[in-house]
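Okay, upload31.txt is below, compact mmCIF, C-alpha atoms:
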# COMPACT_ATOMS: atom_id res chain seq x y z
CA MET U 1 63.41 -48.03 34.95
CA VAL U 2 66.22 -48.04 37.48
CA LEU U 3 65.73 -45.20 39.97
CA LYS U 4 68.36 -46.05 42.58
CA VAL U 5 71.37 -48.35 42.93
CA ILE U 6 72.72 -49.35 46.33
CA VAL U 7 75.40 -51.79 47.44
CA VAL U 8 74.57 -54.67 49.77
CA ASP U 9 77.56 -56.46 51.26
CA ASN U 10 78.03 -60.04 50.01
CA ASN U 11 78.14 -61.22 53.62
CA ASP U 12 74.55 -60.03 54.05
CA VAL U 13 73.25 -62.29 51.28
CA VAL U 14 75.12 -65.56 51.89
CA LYS U 15 72.80 -68.54 52.29
CA GLU U 16 72.51 -69.56 55.93
CA SER U 17 73.31 -73.18 55.00
CA ILE U 18 76.62 -72.07 53.42
CA LYS U 19 77.48 -69.95 56.49
CA ALA U 20 76.81 -72.91 58.77
CA GLN U 21 78.64 -75.57 56.75
CA HIS U 22 81.51 -73.48 55.30
CA PRO U 23 82.23 -70.46 57.53
CA ASP U 24 85.75 -70.22 56.08
CA LEU U 25 84.22 -69.34 52.69
CA CYS U 26 82.10 -66.59 54.23
CA THR U 27 84.77 -64.17 55.41
CA LYS U 28 84.73 -60.65 53.97
CA GLU U 29 88.01 -61.41 52.18
CA ALA U 30 86.75 -64.63 50.60
CA LEU U 31 83.42 -63.09 49.57
CA ARG U 32 85.08 -60.00 48.08
CA ASP U 33 86.78 -62.12 45.44
CA ILE U 34 83.71 -64.09 44.32
CA LYS U 35 82.71 -63.49 40.72
CA GLY U 36 79.15 -64.53 39.95
CA LYS U 37 76.58 -66.55 41.81
CA LYS U 38 78.46 -69.87 41.99
CA LEU U 39 81.15 -71.02 44.37
CA LYS U 40 83.19 -74.26 44.17
CA ILE U 41 82.31 -76.29 47.25
CA ASP U 42 83.54 -79.87 47.47
CA GLY U 43 84.31 -79.72 43.75
CA LYS U 44 80.80 -78.65 42.73
CA ASP U 45 79.49 -75.28 41.54
CA THR U 46 77.14 -74.15 44.28
CA ASP U 47 74.79 -71.19 44.56
CA TRP U 48 76.18 -69.32 47.56
CA GLU U 49 73.86 -66.36 47.81
CA ASP U 50 70.25 -65.85 48.70
CA GLU U 51 69.12 -63.06 46.39
CA GLN U 52 65.87 -62.70 48.31
CA LYS U 53 67.82 -61.69 51.45
CA GLY U 54 69.24 -58.71 49.54
CA ILE U 55 65.83 -57.81 48.14
CA ASN U 56 64.29 -57.96 51.63
CA PHE U 57 67.12 -55.81 53.02
CA CYS U 58 66.49 -53.12 50.39
CA LYS U 59 62.70 -53.27 50.75
CA LYS U 60 62.99 -52.83 54.50
CA LEU U 61 65.10 -49.70 54.05
CA PHE U 62 63.45 -48.15 51.00
CA GLY U 63 60.29 -50.05 50.07
CA SER U 64 59.51 -50.53 46.37
CA LYS U 65 60.85 -53.20 43.98
CA TRP U 66 64.51 -54.32 43.96
CA ILE U 67 66.48 -56.44 41.51
CA GLN U 68 70.08 -57.49 42.01
CA THR U 69 72.81 -56.34 39.65
CA SER U 70 76.47 -57.35 39.33
CA TYR U 71 79.61 -55.20 39.41
CA ASN U 72 81.46 -57.64 37.18
CA HIS U 73 78.59 -58.21 34.71
CA SER U 74 78.40 -61.89 35.61
CA PHE U 75 74.60 -61.88 35.38
CA ARG U 76 71.79 -59.66 34.05
CA LYS U 77 74.01 -58.38 31.22
CA CYS U 78 75.48 -55.27 32.86
CA TYR U 79 75.80 -53.38 36.11
CA ALA U 80 72.60 -51.35 36.41
CA GLY U 81 72.72 -47.58 36.55
CA ILE U 82 70.16 -44.89 37.17
CA GLY U 83 68.00 -44.51 34.06
CA TYR U 84 68.72 -48.02 32.77
CA THR U 85 65.78 -50.31 32.10
CA TYR U 86 65.16 -53.83 33.32
CA ASP U 87 63.81 -56.35 30.81
CA SER U 88 62.02 -58.92 32.97
CA VAL U 89 61.37 -61.29 30.04
CA ASN U 90 65.10 -61.65 29.29
CA ASP U 91 66.26 -60.90 32.86
CA VAL U 92 68.74 -58.21 31.75
CA PHE U 93 69.49 -54.58 32.51
CA ILE U 94 69.72 -52.41 29.40
CA ASN U 95 72.03 -49.42 29.23
CA LEU U 96 70.79 -45.98 28.17
CA GLN U 97 70.28 -45.55 24.43
CA PRO U 98 73.22 -43.39 23.31
CA PHE U 99 71.47 -41.85 20.28
CA PRO U 100 67.91 -42.00 18.88
CA SER U 101 69.07 -43.77 15.70
CA TRP U 102 70.79 -46.63 17.54
CA LYS U 103 68.95 -49.97 17.83
CA LEU U 104 69.18 -52.69 20.43
CA ASN U 105 70.67 -55.90 19.03
CA LYS U 106 69.97 -59.51 20.04
CA ASP U 107 72.72 -59.31 22.70
CA PHE U 108 71.09 -56.22 24.27
CA ASP U 109 73.85 -53.90 23.08
CA TRP U 110 73.11 -50.61 21.31
CA GLU U 111 74.32 -50.47 17.69
CA ALA U 112 74.73 -47.49 15.41
CA PRO U 113 73.02 -47.71 12.01
CA VAL U 114 76.53 -47.64 10.48
CA LYS U 115 79.26 -50.06 11.61
CA TYR U 116 82.19 -48.58 13.52
CA PRO U 117 85.27 -48.29 11.26
CA THR U 118 87.91 -50.97 11.75
CA ASP U 119 90.96 -48.98 10.65
CA GLY U 120 92.29 -48.57 14.20
CA LYS U 121 91.48 -44.85 14.43
CA LEU U 122 89.18 -43.30 17.04
CA TYR U 123 85.79 -42.03 15.94
CA MET U 124 82.80 -40.27 17.47
CA TRP U 125 79.23 -40.74 16.30
CA ASP U 126 77.55 -37.67 14.78
CA GLU U 127 73.82 -38.14 15.03
CA SER U 128 73.05 -35.15 12.80
CA VAL U 129 74.77 -36.72 9.78
CA GLN U 130 74.38 -40.35 10.86
CA LYS U 131 78.04 -41.28 10.53
CA TRP U 132 81.30 -41.78 12.39
CA LEU U 133 83.64 -38.78 12.34
For this file, write the structure as structure tokens.
Amino acid sequence: MVLKVIVVDNNDVVKESIKAQHPDLCTKEALRDIKGKKLKIDGKDTDWEDEQKGINFCKKLFGSKWIQTSYNHSFRKCYAGIGYTYDSVNDVFINLQPFPSWKLNKDFDWEAPVKYPTDGKLYMWDESVQKWL
């Protein structure tokens, strides 16, 4: 279960080899715009970050176990929040279950026992009657 979420600056997790060989790609501005764990370097997708550096940073400050999450959902399914769970087998964070009757599907999304209507109107789930109102 996720107990705490903190932000570690991208510049603090860049691989040392990338910093040394491509300092122009390691500015705060350049790193702010990166989406995901790959960066095009010399025409090739390259892992730019050292996840363990971020984990070590968090452990030093707070102890315990740390797992990286992504603001833009580019890995581990979704951005983790307090109360979410981490599925280590599938390497995903799972959002809070919205209602007891909802089940987790194969894509790790919660689904109501009744499909959401497709008529373009807005509905809210009523757990007591098990339907969309």
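All residues of protein, DNA or RNA that reach within 10 Å of Asn95 (chain U), judged by all atoms listed in the file and not counting those fewer than 3 positions away in the chain, are Lys77, Cys78, Tyr79, Ala80, Gly81, Ile82, Gly83, Tyr84, Thr85, Tyr86, Val92, Pro98, Leu104, Phe108, Asp109 and Trp110 of chain U.
Among U:Ser17, U:Gln130, U:Asn105, U:Asn72, the residue with the shortest atom-to-atom distance to Trp48 (chain U), counting only C-alpha atoms, is U:Ser17.
Take CA of Tyr123 (chain U) and CA of Trp102 (chain U): the distance between them is 15.8 Å.
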Closest of U:Leu31, U:Val7, U:Cys26, U:Ala20 to Phe57 (chain U), counting all atoms listed in the file, is U:Val7
What does the structure give for the distance between CA of Ile41 (chain U) and CA of Ile55 (chain U), in Å to one decimal? 24.8 Å
Out of U:Lys44, U:His73, U:Lys28, U:Lys106, which residue has the shortest atom-to-atom distance to Asn11 (chain U) when counting only C-alpha atoms? U:Lys28
Quick one: residues within 12 Å of Leu39 (chain U), all atoms listed in the file counted, chain neighbours fewer than 3 positions away excluded, as a ChimeraX atom specification? /U:14-15,18,22,25-26,30-31,33-36,42-49
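Going from CA of Asn10 (chain U) over to CA of Asp107 (chain U), you cover 27.8 Å.
Minimum atom-to-atom distance to Leu133 (chain U), evaluated using all atoms listed in the file, belongs to U:Val114 out of U:Lys19, U:Ser64, U:Val114, U:Ile94.
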